[in-house]
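> I am sharing run.cif, which consists of mmCIF, C-alpha atoms and all ligand atoms:
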data_coords
#
loop_
_atom_site.label_atom_id
_atom_site.label_comp_id
_atom_site.auth_asym_id
_atom_site.auth_seq_id
_atom_site.Cartn_x
_atom_site.Cartn_y
_atom_site.Cartn_z
CA MET Y 1 38.20 26.03 28.56
CA GLU Y 2 40.91 27.74 26.52
CA THR Y 3 38.42 28.15 23.59
CA MET Y 4 35.82 29.57 25.93
CA ASP Y 5 38.35 32.03 27.26
CA ARG Y 6 39.26 33.12 23.77
CA ASP Y 7 35.59 33.49 22.79
CA ARG Y 8 34.93 35.50 25.90
CA ARG Y 9 37.91 37.69 25.16
CA ILE Y 10 36.69 38.35 21.63
CA GLU Y 11 33.20 39.08 22.90
CA LEU Y 12 34.56 41.42 25.52
CA LEU Y 13 36.73 43.22 23.00
CA GLU Y 14 33.86 43.61 20.54
CA ASP Y 15 31.71 45.02 23.27
CA LEU Y 16 34.48 47.36 24.39
CA PHE Y 17 35.16 48.44 20.84
CA ARG Y 18 31.53 49.37 20.29
CA LYS Y 19 31.20 51.26 23.56
CA MET Y 20 34.59 52.87 23.78
CA TYR Y 21 35.65 53.62 20.23
CA PRO Y 22 33.74 56.94 19.91
CA LYS Y 23 34.88 58.11 23.35
CA LEU Y 24 38.52 57.24 22.75
CA TYR Y 25 38.45 58.75 19.30
CA ARG Y 26 36.97 62.01 20.63
CA PHE Y 27 39.48 62.09 23.45
CA LEU Y 28 42.36 61.54 21.04
CA TYR Y 29 40.96 63.98 18.54
CA TRP Y 30 41.02 66.80 21.07
CA LYS Y 31 44.46 65.82 22.22
CA LEU Y 32 45.91 65.64 18.73
CA GLN Y 33 43.66 67.94 16.72
CA ASP Y 34 44.07 65.62 13.75
CA GLY Y 35 41.35 63.20 12.71
CA ASN Y 36 43.61 60.75 10.84
CA VAL Y 37 46.17 60.46 13.60
CA ALA Y 38 43.39 60.18 16.19
CA GLU Y 39 41.83 57.34 14.22
CA ASP Y 40 45.16 55.51 13.87
CA ILE Y 41 45.88 55.79 17.57
CA THR Y 42 42.35 54.74 18.54
CA GLN Y 43 42.77 51.58 16.50
CA GLU Y 44 46.25 51.03 17.90
CA THR Y 45 44.78 51.36 21.39
CA PHE Y 46 42.49 48.42 20.74
CA VAL Y 47 45.31 46.37 19.23
CA ARG Y 48 47.39 46.98 22.37
CA ALA Y 49 44.39 46.22 24.55
CA CYS Y 50 43.93 42.96 22.70
CA THR Y 51 47.50 41.83 23.30
CA GLN Y 52 47.43 42.92 26.92
CA LEU Y 53 44.15 41.09 27.46
CA ASN Y 54 46.01 37.87 26.70
CA ASN Y 55 48.40 38.52 29.56
CA LYS Y 56 46.39 40.11 32.29
CA ALA Y 57 43.03 39.87 33.93
CA VAL Y 58 40.84 42.77 32.94
CA THR Y 59 40.70 45.27 35.76
CA ASP Y 60 37.27 46.39 36.91
CA ASN Y 61 37.92 49.84 35.45
CA VAL Y 62 38.27 48.87 31.80
CA SER Y 63 37.57 52.36 30.57
CA ALA Y 64 40.41 53.89 32.65
CA TRP Y 65 42.72 51.16 31.42
CA LEU Y 66 41.90 51.92 27.76
CA PHE Y 67 42.39 55.64 28.32
CA THR Y 68 45.80 54.92 29.89
CA ILE Y 69 46.83 52.96 26.82
CA ALA Y 70 45.57 55.74 24.55
CA ARG Y 71 47.33 58.41 26.60
CA ASN Y 72 50.63 56.51 26.46
CA LEU Y 73 50.34 56.04 22.71
CA CYS Y 74 49.66 59.71 22.40
CA LEU Y 75 52.78 60.54 24.42
CA ASP Y 76 54.79 58.26 22.12
CA TYR Y 77 53.35 60.12 19.15
CA TRP Y 78 54.28 63.49 20.62
CA ARG Y 79 57.77 62.27 21.49
CA LYS Y 80 58.29 61.35 17.84
CA ASN Y 81 56.47 64.26 16.23
CA GLY Y 82 56.68 67.10 18.72
CA ARG Y 83 53.78 68.66 20.56
CA ARG Y 84 52.46 72.16 20.37
CA LEU Y 85 51.20 73.97 23.44
CA ARG Y 86 47.89 74.77 21.78
CA GLU Y 87 47.13 71.09 21.48
CA THR Y 88 47.42 70.31 25.15
CA PRO Y 89 44.69 67.98 26.34
CA ILE Y 90 41.81 69.15 28.41
CA TYR Y 91 39.72 66.12 29.20
CA ASP Y 92 42.85 64.30 30.20
CA GLU Y 93 43.89 66.95 32.68
CA LEU Y 94 40.42 67.22 34.12
CA SER Y 95 39.43 63.61 34.42
CA PRO Y 96 41.48 62.63 37.49
CA HIS Y 97 39.79 65.38 39.48
CA LEU Y 98 36.26 64.46 38.57
CA VAL Y 99 33.80 62.39 40.51
CA GLY Y 100 30.21 61.22 40.03
CA THR Y 101 27.95 63.88 38.59
CA GLN Y 102 30.91 66.00 37.51
CA LYS Y 103 31.95 63.15 35.26
CA ASP Y 104 28.42 62.99 33.86
CA LEU Y 105 28.48 66.71 33.20
CA LEU Y 106 31.76 66.44 31.44
CA GLU Y 107 30.45 63.56 29.40
CA ASN Y 108 27.42 65.69 28.48
CA MET Y 109 29.70 68.48 27.41
CA LEU Y 110 31.67 66.14 25.22
CA GLU Y 111 28.45 64.74 23.83
CA GLN Y 112 27.43 68.25 22.85
CA GLN Y 113 30.91 68.99 21.53
CA GLY Y 114 31.26 71.36 24.42
CA TRP Y 115 35.02 71.25 24.27
CA GLN Y 116 34.84 72.70 20.83
CA ILE Y 117 33.41 75.76 22.52
CA VAL Y 118 36.31 75.79 24.95
CA ILE Y 119 38.81 75.47 22.16
CA GLU Y 120 37.06 78.12 20.08
CA ALA Y 121 36.91 80.41 23.09
CA LEU Y 122 40.62 79.87 23.69
CA SER Y 123 41.43 80.57 20.08
CA THR Y 124 39.83 84.02 20.34
CA LEU Y 125 42.16 85.06 23.17
CA LYS Y 126 45.33 87.08 22.78
CA LEU Y 127 48.43 84.88 22.72
CA GLU Y 128 49.56 85.92 26.21
CA HIS Y 129 46.10 85.24 27.70
CA LYS Y 130 45.93 81.90 25.94
CA LYS Y 131 49.35 80.92 27.25
CA ALA Y 132 48.42 81.91 30.80
CA ILE Y 133 45.23 79.79 30.75
CA ILE Y 134 46.94 76.82 29.15
CA LEU Y 135 49.95 76.84 31.45
CA ARG Y 136 47.95 77.14 34.64
CA HIS Y 137 44.77 75.22 33.87
CA PHE Y 138 45.66 72.70 31.21
CA GLU Y 139 49.33 72.07 31.92
CA ASP Y 140 48.72 72.39 35.64
CA CYS Y 141 51.92 74.43 36.09
CA SER Y 142 52.29 76.27 39.39
CA TYR Y 143 52.24 80.08 39.41
CA GLU Y 144 56.04 80.05 39.75
CA GLN Y 145 56.56 77.61 36.87
CA SER Y 146 54.12 79.52 34.64
CA ALA Y 147 55.76 82.87 35.44
CA ARG Y 148 59.19 81.42 34.69
CA GLN Y 149 57.99 79.97 31.37
CA LEU Y 150 56.68 83.36 30.32
CA GLY Y 151 59.69 85.24 31.68
CA ILE Y 152 57.63 87.42 34.04
CA THR Y 153 57.29 87.81 37.80
CA VAL Y 154 54.72 85.85 39.82
CA PRO Y 155 52.59 88.95 40.61
CA ALA Y 156 52.65 89.87 36.91
CA PHE Y 157 51.57 86.33 36.03
CA THR Y 158 48.79 86.45 38.64
CA SER Y 159 47.26 89.57 37.18
CA LEU Y 160 47.77 88.30 33.61
CA LEU Y 161 45.94 85.10 34.56
CA ASN Y 162 43.06 87.04 36.11
CA ARG Y 163 42.62 89.10 32.96
CA ALA Y 164 42.92 85.97 30.84
CA ARG Y 165 40.23 84.16 32.89
CA SER Y 166 37.86 87.03 32.53
CA LYS Y 167 38.37 87.17 28.74
CA PHE Y 168 38.02 83.40 28.58
CA PHE Y 169 34.74 83.62 30.47
CA GLN Y 170 33.45 86.29 28.09
CA ALA Y 171 34.48 84.24 25.10
CA ILE Y 172 32.58 81.22 26.44
CA VAL Y 173 29.43 83.15 27.27
CA SER Y 174 29.46 85.01 24.00
CA GLN Y 175 29.28 81.72 22.13
CA LEU Y 176 25.96 80.80 23.66
CA SER Y 177 24.05 81.98 20.61
CA PRO Y 178 21.71 80.12 18.24
CA LYS Y 179 24.46 80.06 15.68
CA THR Y 180 26.29 77.70 17.98
CA ALA Y 181 23.12 76.33 19.54
CA LYS Y 182 23.96 72.78 18.61
CA LYS Y 183 27.23 72.97 20.42
CA ARG Y 184 26.15 75.21 23.23
CA LEU Y 185 26.67 74.38 26.84
CA GLY Y 186 23.76 74.38 29.22
CA HIS Y 187 24.00 76.63 32.23
CA LYS Y 188 24.92 73.68 34.37
CA GLU Y 189 27.82 72.72 32.16
CA CYS Y 190 28.93 76.31 31.90
CA PHE Y 191 28.73 76.65 35.66
CA PHE Y 192 30.77 73.53 36.22
CA LEU Y 193 33.34 74.49 33.63
CA LEU Y 194 33.86 77.98 34.95
CA LYS Y 195 33.94 76.73 38.50
CA TYR Y 196 36.64 74.29 37.51
CA PHE Y 197 38.69 77.11 36.08
CA GLY Y 198 38.22 79.04 39.29
CA LEU Y 199 36.22 81.75 37.58
CA ASP Y 200 33.76 83.86 39.42
CA TRP Y 201 30.66 82.07 38.22
CA PRO Y 202 27.92 82.39 40.81
CA GLU Y 203 25.97 79.61 42.52
CA ASN Y 204 22.83 81.32 41.28
CA PRO Y 205 23.75 83.17 38.09
CA ASP Y 206 20.30 84.77 37.70
CA ILE Y 207 20.47 86.53 41.06
CA ASP Y 208 24.14 87.38 40.81
CA ILE Y 209 23.85 88.90 37.36
CA THR Y 210 20.82 90.93 38.42
CA GLN Y 211 22.75 92.19 41.46
CA ARG Y 212 25.69 93.17 39.28
CA SER Y 213 23.37 95.01 36.91
CA LYS Y 214 21.69 96.77 39.78
CA MET Y 215 25.01 97.90 41.25
CA TYR Y 216 26.34 98.88 37.87
CA PHE Y 217 23.30 100.97 36.93
CA ASP Y 218 23.03 102.48 40.41
CA ASN Y 219 26.58 103.80 39.97
CA TYR Y 220 26.18 104.68 36.34
CA ALA Y 221 22.80 106.43 36.65
CA TYR Y 222 24.26 109.95 36.84
CA LEU Y 223 26.18 109.53 33.57
CA TYR Y 224 23.44 107.70 31.77
CA GLU Y 225 21.55 110.62 30.22
CA LYS Y 226 24.65 111.96 28.50
CA ASP Y 227 25.87 108.53 27.39
CA ARG Y 228 22.48 107.60 25.99
CA HIS Y 229 22.47 110.79 23.98
CA LEU Y 230 25.98 110.08 22.62
CA SER Y 231 25.75 106.33 22.04
CA TYR Y 232 22.16 105.46 21.08
CA PRO Y 233 20.74 105.94 17.60
CA GLN Y 234 19.02 109.35 17.80
CA SER Y 235 15.67 108.11 16.58
CA ILE Y 236 15.52 104.83 18.48
CA ASP Y 237 12.38 105.68 20.48
CA GLN Y 238 10.58 107.14 17.46
CA ALA Y 239 11.49 104.08 15.36
CA LEU Y 240 10.08 101.85 18.07
CA LEU Y 241 6.88 103.78 18.66
CA ALA Y 242 6.26 104.18 14.93
CA ARG Y 243 5.58 100.43 15.02
CA VAL Y 244 2.56 100.88 17.28
CA ASP Y 245 -1.02 101.12 16.13
CA TRP Y 246 -2.23 103.48 18.86
CA ASN Y 247 -5.93 102.78 18.31
CA SER Y 248 -7.58 101.82 21.57
CA LYS Y 249 -4.31 101.55 23.44
CA VAL Y 250 -4.75 102.62 27.04
CA ILE Y 251 -2.12 101.09 29.31
CA GLY Y 252 1.59 100.78 28.61
CA VAL Y 253 4.52 99.17 30.46
CA ASP Y 254 8.19 99.94 29.90
CA PHE Y 255 10.53 97.27 31.26
CA GLY Y 256 14.05 98.31 32.35
CA THR Y 257 13.02 101.90 31.86
CA GLY Y 258 16.29 103.56 32.95
CA LEU Y 259 15.61 107.29 32.98
CA GLY Y 260 12.24 106.73 31.34
CA HIS Y 261 12.96 107.85 27.78
CA THR Y 262 10.61 105.36 26.14
CA ALA Y 263 7.95 105.72 28.85
CA GLU Y 264 8.07 109.47 28.30
CA LYS Y 265 7.29 109.05 24.59
CA MET Y 266 4.41 106.69 25.40
CA SER Y 267 2.90 108.89 28.08
CA SER Y 268 1.25 111.47 25.78
CA ARG Y 269 -0.60 108.75 23.86
CA LEU Y 270 -1.74 106.48 26.68
CA ASP Y 271 -3.83 106.91 29.82
CA ARG Y 272 -1.29 105.27 32.08
CA VAL Y 273 2.29 103.97 31.79
CA TYR Y 274 4.02 101.68 34.27
CA ALA Y 275 7.80 101.87 34.17
CA PHE Y 276 9.93 99.22 35.92
CA ASP Y 277 13.62 99.02 36.64
CA ILE Y 278 15.91 97.20 39.08
CA SER Y 279 18.02 100.26 39.81
CA ALA Y 280 16.69 102.61 42.49
CA ASN Y 281 19.06 105.37 41.41
CA MET Y 282 17.89 105.15 37.82
CA LEU Y 283 14.30 105.39 39.03
CA ASN Y 284 15.03 108.39 41.29
CA LEU Y 285 16.58 110.27 38.39
CA ALA Y 286 13.76 109.14 36.10
CA LYS Y 287 11.24 110.52 38.58
CA ALA Y 288 12.91 113.95 38.66
CA ARG Y 289 13.24 113.97 34.88
CA LEU Y 290 9.65 112.89 34.18
CA ASN Y 291 8.25 115.36 36.72
CA GLN Y 292 10.10 118.14 34.95
CA LEU Y 293 8.57 116.95 31.67
CA LYS Y 294 5.14 116.88 33.37
CA CYS Y 295 4.58 113.21 32.54
CA TRP Y 296 2.20 112.73 35.46
CA ASN Y 297 0.64 109.51 34.18
CA ILE Y 298 3.82 107.44 34.53
CA LYS Y 299 4.04 105.20 37.57
CA LEU Y 300 7.64 104.19 38.36
CA ALA Y 301 8.41 101.08 40.38
CA ILE Y 302 11.21 98.70 41.21
CA GLY Y 303 10.76 95.55 39.12
CA ASP Y 304 13.09 92.74 38.11
CA LEU Y 305 12.53 91.11 34.74
CA SER Y 306 14.16 87.89 35.86
CA THR Y 307 11.36 87.36 38.37
CA VAL Y 308 7.62 87.53 37.83
CA LEU Y 309 5.91 90.90 37.60
CA SER Y 310 2.19 90.71 38.12
CA ILE Y 311 0.60 93.06 35.64
CA ASN Y 312 -1.60 91.51 33.01
CA GLN Y 313 -3.48 94.45 31.61
CA ALA Y 314 -1.02 96.14 29.26
CA ASP Y 315 -1.99 97.11 25.72
CA LEU Y 316 1.62 97.86 24.92
CA ALA Y 317 4.87 96.64 26.54
CA THR Y 318 8.32 97.89 25.56
CA CYS Y 319 11.85 96.85 26.47
CA VAL Y 320 14.75 98.92 25.17
CA CYS Y 321 18.33 97.71 25.54
CA VAL Y 322 17.70 95.59 28.59
CA LEU Y 323 17.73 91.99 27.40
CA HIS Y 324 21.48 91.90 26.77
CA HIS Y 325 21.94 92.46 30.53
CA ILE Y 326 19.84 89.45 31.46
CA LEU Y 327 21.05 85.87 31.80
CA ASP Y 328 17.89 84.33 30.38
CA PRO Y 329 16.24 86.69 27.89
CA GLY Y 330 13.74 83.97 26.92
CA LYS Y 331 12.40 83.92 30.46
CA ALA Y 332 12.28 87.74 30.57
CA ILE Y 333 10.25 87.76 27.35
CA GLN Y 334 7.79 85.35 28.98
CA VAL Y 335 7.48 87.71 31.95
CA MET Y 336 6.76 90.60 29.56
CA ALA Y 337 4.29 88.52 27.53
CA ARG Y 338 2.39 87.79 30.74
CA SER Y 339 1.98 91.53 31.31
CA LEU Y 340 -0.10 91.86 28.13
CA LYS Y 341 -3.84 91.59 27.86
CA PRO Y 342 -5.36 89.90 24.76
CA ASN Y 343 -4.30 91.76 21.58
CA GLY Y 344 -1.62 93.55 23.62
CA VAL Y 345 1.65 94.18 21.79
CA LEU Y 346 5.25 93.70 22.94
CA ILE Y 347 8.10 95.57 21.24
CA ILE Y 348 11.78 94.95 21.97
CA ALA Y 349 14.79 96.98 20.83
CA ASP Y 350 18.34 95.87 21.54
CA PHE Y 351 21.83 95.33 20.10
CA GLY Y 352 22.08 93.27 16.95
CA ARG Y 353 24.75 90.57 17.12
CA HIS Y 354 28.22 92.11 17.42
CA HIS Y 355 31.76 91.17 18.36
CA GLN Y 356 32.97 94.32 19.94
CA ASP Y 357 35.10 94.12 22.98
CA CYS Y 358 33.09 96.94 24.53
CA PHE Y 359 31.15 93.89 25.71
CA ASN Y 360 32.17 93.57 29.30
CA TYR Y 361 30.98 91.19 31.97
CA SER Y 362 31.82 93.59 34.82
CA ARG Y 363 29.80 96.25 32.98
CA SER Y 364 26.94 93.80 33.25
CA ASP Y 365 26.57 92.99 29.56
CA VAL Y 366 25.83 89.30 29.26
CA TRP Y 367 24.92 88.97 25.58
CA LEU Y 368 26.80 90.24 22.53
CA GLY Y 369 23.52 91.35 21.02
CA PHE Y 370 20.99 89.08 19.38
CA HIS Y 371 20.28 87.28 16.11
CA PRO Y 372 16.80 87.61 14.59
CA GLN Y 373 16.27 83.85 15.01
CA GLN Y 374 16.95 84.11 18.73
CA LEU Y 375 14.34 86.79 19.28
CA THR Y 376 11.86 84.98 17.05
CA ARG Y 377 12.29 81.75 19.00
CA TRP Y 378 11.86 83.43 22.38
CA LEU Y 379 8.79 85.35 21.26
CA LYS Y 380 7.30 82.13 19.94
CA GLU Y 381 8.15 80.27 23.15
CA ALA Y 382 6.36 83.02 25.08
CA GLY Y 383 3.19 82.08 23.16
CA LEU Y 384 3.02 85.33 21.15
CA ASN Y 385 1.74 85.74 17.57
CA HIS Y 386 2.35 87.97 14.58
CA ILE Y 387 6.06 87.99 15.27
CA TRP Y 388 8.28 90.35 13.29
CA VAL Y 389 11.99 91.16 13.56
CA LYS Y 390 13.90 93.93 11.83
CA GLU Y 391 17.63 94.55 11.79
CA HIS Y 392 18.27 98.26 11.30
CA ASP Y 393 21.70 98.60 9.69
CA ASP Y 394 20.96 102.30 9.29
CA LEU Y 395 20.33 102.87 13.03
CA CYS Y 396 23.41 102.06 15.06
CA PHE Y 397 24.75 102.32 18.61
CA SER Y 398 28.26 103.61 18.89
CA PHE Y 399 30.28 102.72 21.97
CA CYS Y 400 34.04 102.99 22.40
CA ASP Y 401 35.96 99.73 22.65
CA SER Y 402 38.94 99.37 24.99
CA ASP Y 403 41.24 101.02 22.40
CA GLY Y 404 38.93 104.01 22.09
CA HIS Y 405 37.61 102.94 18.68
CA LYS Y 406 33.96 103.21 17.83
CA ASP Y 407 32.44 100.36 15.88
CA PRO Y 408 28.76 100.67 15.09
CA ILE Y 409 26.41 98.08 16.60
CA PRO Y 410 23.20 97.76 14.60
CA LEU Y 411 19.85 98.12 16.28
CA ILE Y 412 17.57 95.10 16.18
CA MET Y 413 13.85 95.41 16.85
CA ALA Y 414 11.26 92.73 17.32
CA GLY Y 415 7.61 92.61 18.21
CA ALA Y 416 4.65 90.33 18.62
CA SER Y 417 1.15 90.29 20.01
CA LYS Y 418 -0.90 88.20 22.38
CA ALA Y 419 -3.80 86.16 21.02
C1 LIG Y 501 20.99 100.14 29.00
S1 LIG Y 501 19.78 100.62 30.14
C2 LIG Y 501 18.39 100.98 29.12
C3 LIG Y 501 17.44 101.90 29.79
C4 LIG Y 501 16.26 102.37 28.96
N1 LIG Y 501 15.42 101.28 28.53
C5 LIG Y 501 16.69 103.21 27.81
O1 LIG Y 501 16.30 102.92 26.68
O2 LIG Y 501 17.40 104.15 28.03
C6 LIG Y 501 19.34 99.09 30.85
C7 LIG Y 501 18.37 99.23 32.00
O3 LIG Y 501 17.89 97.95 32.33
C8 LIG Y 501 17.82 97.84 33.74
N2 LIG Y 501 17.87 96.42 34.06
C9 LIG Y 501 18.93 95.57 33.98
N3 LIG Y 501 18.58 94.33 34.36
C10 LIG Y 501 17.25 94.40 34.66
C11 LIG Y 501 16.31 93.43 35.13
N4 LIG Y 501 16.66 92.16 35.39
N5 LIG Y 501 15.03 93.85 35.35
C12 LIG Y 501 14.67 95.14 35.12
N6 LIG Y 501 15.52 96.08 34.70
C13 LIG Y 501 16.80 95.73 34.46
C14 LIG Y 501 19.01 98.64 34.23
O4 LIG Y 501 18.89 99.04 35.57
C15 LIG Y 501 19.00 99.81 33.26
O5 LIG Y 501 18.24 100.88 33.72
#
Output the structure of this file as structure tokens.

Amino acid sequence: METMDRDRRIELLEDLFRKMYPKLYRFLYWKLQDGNVAEDITQETFVRACTQLNNKAVTDNVSAWLFTIARNLCLDYWRKNGRRLRETPIYDELSPHLVGTQKDLLENMLEQQGWQIVIEALSTLKLEHKKAIILRHFEDCSYEQSARQLGITVPAFTSLLNRARSKFFQAIVSQLSPKTAKKRLGHKECFFLLKYFGLDWPENPDIDITQRSKMYFDNYAYLYEKDRHLSYPQSIDQALLARVDWNSKVIGVDFGTGLGHTAEKMSSRLDRVYAFDISANMLNLAKARLNQLKCWNIKLAIGDLSTVLSINQADLATCVCVLHHILDPGKAIQVMARSLKPNGVLIIADFGRHHQDCFNYSRSDVWLGFHPQQLTRWLKEAGLNHIWVKEHDDLCFSFCDSDGHKDPIPLIMAGASKA
């Protein structure tokens, strides 16, 4: 009986070791930020578990029991070696609050090294923003405790935390690029994460982001002409249209047309141009502008690229500086590809990848520009052929960042055609 018990214990421990070692190691790694120490403590956790197994019946929540041992060993380590704020655990703080599918999501995030994104995002924040997020969300300090720690008033802490959350959100979203594709969070994980942190992440991000864009561009419409003139590369439309072989091109579509600058350039060479935008104010001003320019063959209409637009007769489709406002540019490219007839051509111009803090969620920018590989992948996924991408380091946008500095953002252009 005793032998059987011992055999069963060994079997159980082996099984536990196999299943739990990677999870415990990962958990300890993120707590300690040191692979060697994490490995030592993971092993020590199993040694402790082994001795405790001799004394007590295994509870039905073995995993929680192992995590408790690991957490206590970690506390011992910190007591002896000191603990830095930056290394405060995340999983640990979250796990008691999680149930069912949330736990699965969190597991998925860990599987995809999602926390690395969180940690990277945190590391890009200013020290005061980082401290605010860590105190409130990771250390679970109250507003009063956090304010006291930072030596500021509670209202000052509240507004600091709001700014910090917004920057944190931007930092997370801006990492969703192919460069970090392996580690990227899915929308679901991102949604859950941001919801956990109390950030304003919408139930339906597609609709919410489109609404924000619409409101933003409705308000901004009256300043747009001047800003476009000041901030866009002067020859952006010419550079784009120089890519087109105009032979037998009849119908054009410009997506996210704004005041119709690209549509205007297309209108003299095509029979008809459709120009879509989500912003009614942009379209009203575009109408006045295009009438003045006598571009009678342009038909303006409200149209949202994140839904389906039913035109499938275009010889040429263009999209200038719109994709970085859209949550799912891949889907938008599919919508545009559907607008083409066979041999029709799609041309996109947008921001190349940048890190400027002129990027601003409330200003409705969602993407910090694009890598060539990203555009290539999306064009391919939309079933298009003859894909090309060109980064124009000589043609740059120039927007002011929050300190009033202008850092150039290179133009990226891409195109493809339908079989
Ligand atoms: C930066 S402006 C570019 C306008 C124009 N293409 C140009 O080159 O001047 C972005 C435009 O995209 C529009 N837009 C944003 N999201 C959109 C969406 N989901 N569908 C269609 N248009 C959108 C905005 O209303 C705005 O007019």
> Go through Y:His386, Y:His324, Y:Arg48, Y:Lys130 one by one, measure the shortest atom-to-atom distance of each to ligand LIG 501 (chain Y) using all atoms listed in the file, and give the residue with the smallest value.
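Among the listed residues, Y:His324 lies closest to ligand LIG 501 (chain Y).
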> In Å, rounded to a single decimal, give me how far atom S1 of ligand LIG 501 (chain Y) is from atom CA of Asp304 of chain Y.
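That distance, rounded to one decimal, is 13.1 Å.
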> Give the answer as one residue: which of Y:Arg136, Y:Lys31, Y:Lys331, Y:Arg148 has the shortest atom-to-atom distance to ligand LIG 501 (chain Y), using all atoms listed in the file?
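Of the candidates, the smallest distance to ligand LIG 501 (chain Y) is held by Y:Lys331.
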> At a cut-off of 9 Å around ligand LIG 501 (chain Y), and using only C-alpha atoms and all ligand atoms, what residues come up? Please write them as a ChimeraX atom specification.
/Y:206-207,209-218,221,224-225,228,232,236-237,254-263,276-283,302-307,318-327,332,349-350,364
> Taking 2 positions as the minimum chain separation for residues in the same chain, which residues sit within 8 Å of Ile69 of chain Y when counting all atoms listed in the file? Answer as an mmCIF file with C-alpha atoms, keeping the file's coordinate frame.

data_model
loop_
_atom_site.group_PDB
_atom_site.id
_atom_site.type_symbol
_atom_site.label_atom_id
_atom_site.label_comp_id
_atom_site.auth_asym_id
_atom_site.auth_seq_id
_atom_site.Cartn_x
_atom_site.Cartn_y
_atom_site.Cartn_z
ATOM 1 C CA THR Y 45 44.780 51.360 21.390
ATOM 2 C CA ARG Y 48 47.390 46.980 22.370
ATOM 3 C CA ALA Y 49 44.390 46.220 24.550
ATOM 4 C CA TRP Y 65 42.720 51.160 31.420
ATOM 5 C CA LEU Y 66 41.900 51.920 27.760
ATOM 6 C CA PHE Y 67 42.390 55.640 28.320
ATOM 7 C CA ARG Y 71 47.330 58.410 26.600
ATOM 8 C CA ASN Y 72 50.630 56.510 26.460
ATOM 9 C CA LEU Y 73 50.340 56.040 22.710
#
> Go through Y:Lys167, Y:His229, Y:Lys249, Y:Arg289 and flag the residue nearest Leu127 of chain Y, using only C-alpha atoms for the distances.
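Looking only at the distances to Leu127 of chain Y, the closest residue turns out to be Y:Lys167.
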> Please compute the atom CA of Leu24 of chain Y-atom CA of Leu135 of chain Y distance, one decimal, in Å.
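Computing it gives 24.3 Å between the two atoms.
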> Do you know which residues are at most 10 Å from Phe397 of chain Y counting all atoms listed in the file, after dropping those on the same chain fewer than 5 positions away, and could you put them as a list in words?
Arg228, Leu230, Ser231, Tyr232, Pro233, Gln234, Ile236, Asp350, Phe351, Gly352, Lys406, Asp407, Pro408, Ile409, Pro410 and Leu411 of chain Y
> Would you mind reading off the distance between atom CA of Gly369 of chain Y and atom CA of Gly383 of chain Y, one decimal, in Å?
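It comes out at 22.4 Å.
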> Smallest atom-to-atom distance to Asn247 of chain Y: which of Y:Asn162, Y:Asn284, Y:Asn343, Y:Asn219, using all atoms listed in the file?
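The shortest atom-to-atom distance to Asn247 of chain Y comes from Y:Asn343.
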> Smallest atom-to-atom distance to Leu13 of chain Y: which of Y:Ala414, Y:Cys50, Y:Leu28, Y:Ala242, using only C-alpha atoms?
Y:Cys50
> Between Y:Lys418, Y:Arg353, Y:Arg165, Y:Arg272, which has the minimum distance to His392 of chain Y (counting only C-alpha atoms)?
Y:Arg353
> Residues proximal to (44.6, 79.9, 29.3) were defined as those with any atom within 8 Å of that point in the file's coordinates, counting only C-alpha atoms. Which are they, as an MDAnalysis selection string?
chainID Y and resid 122 129:138 161 164:165 168
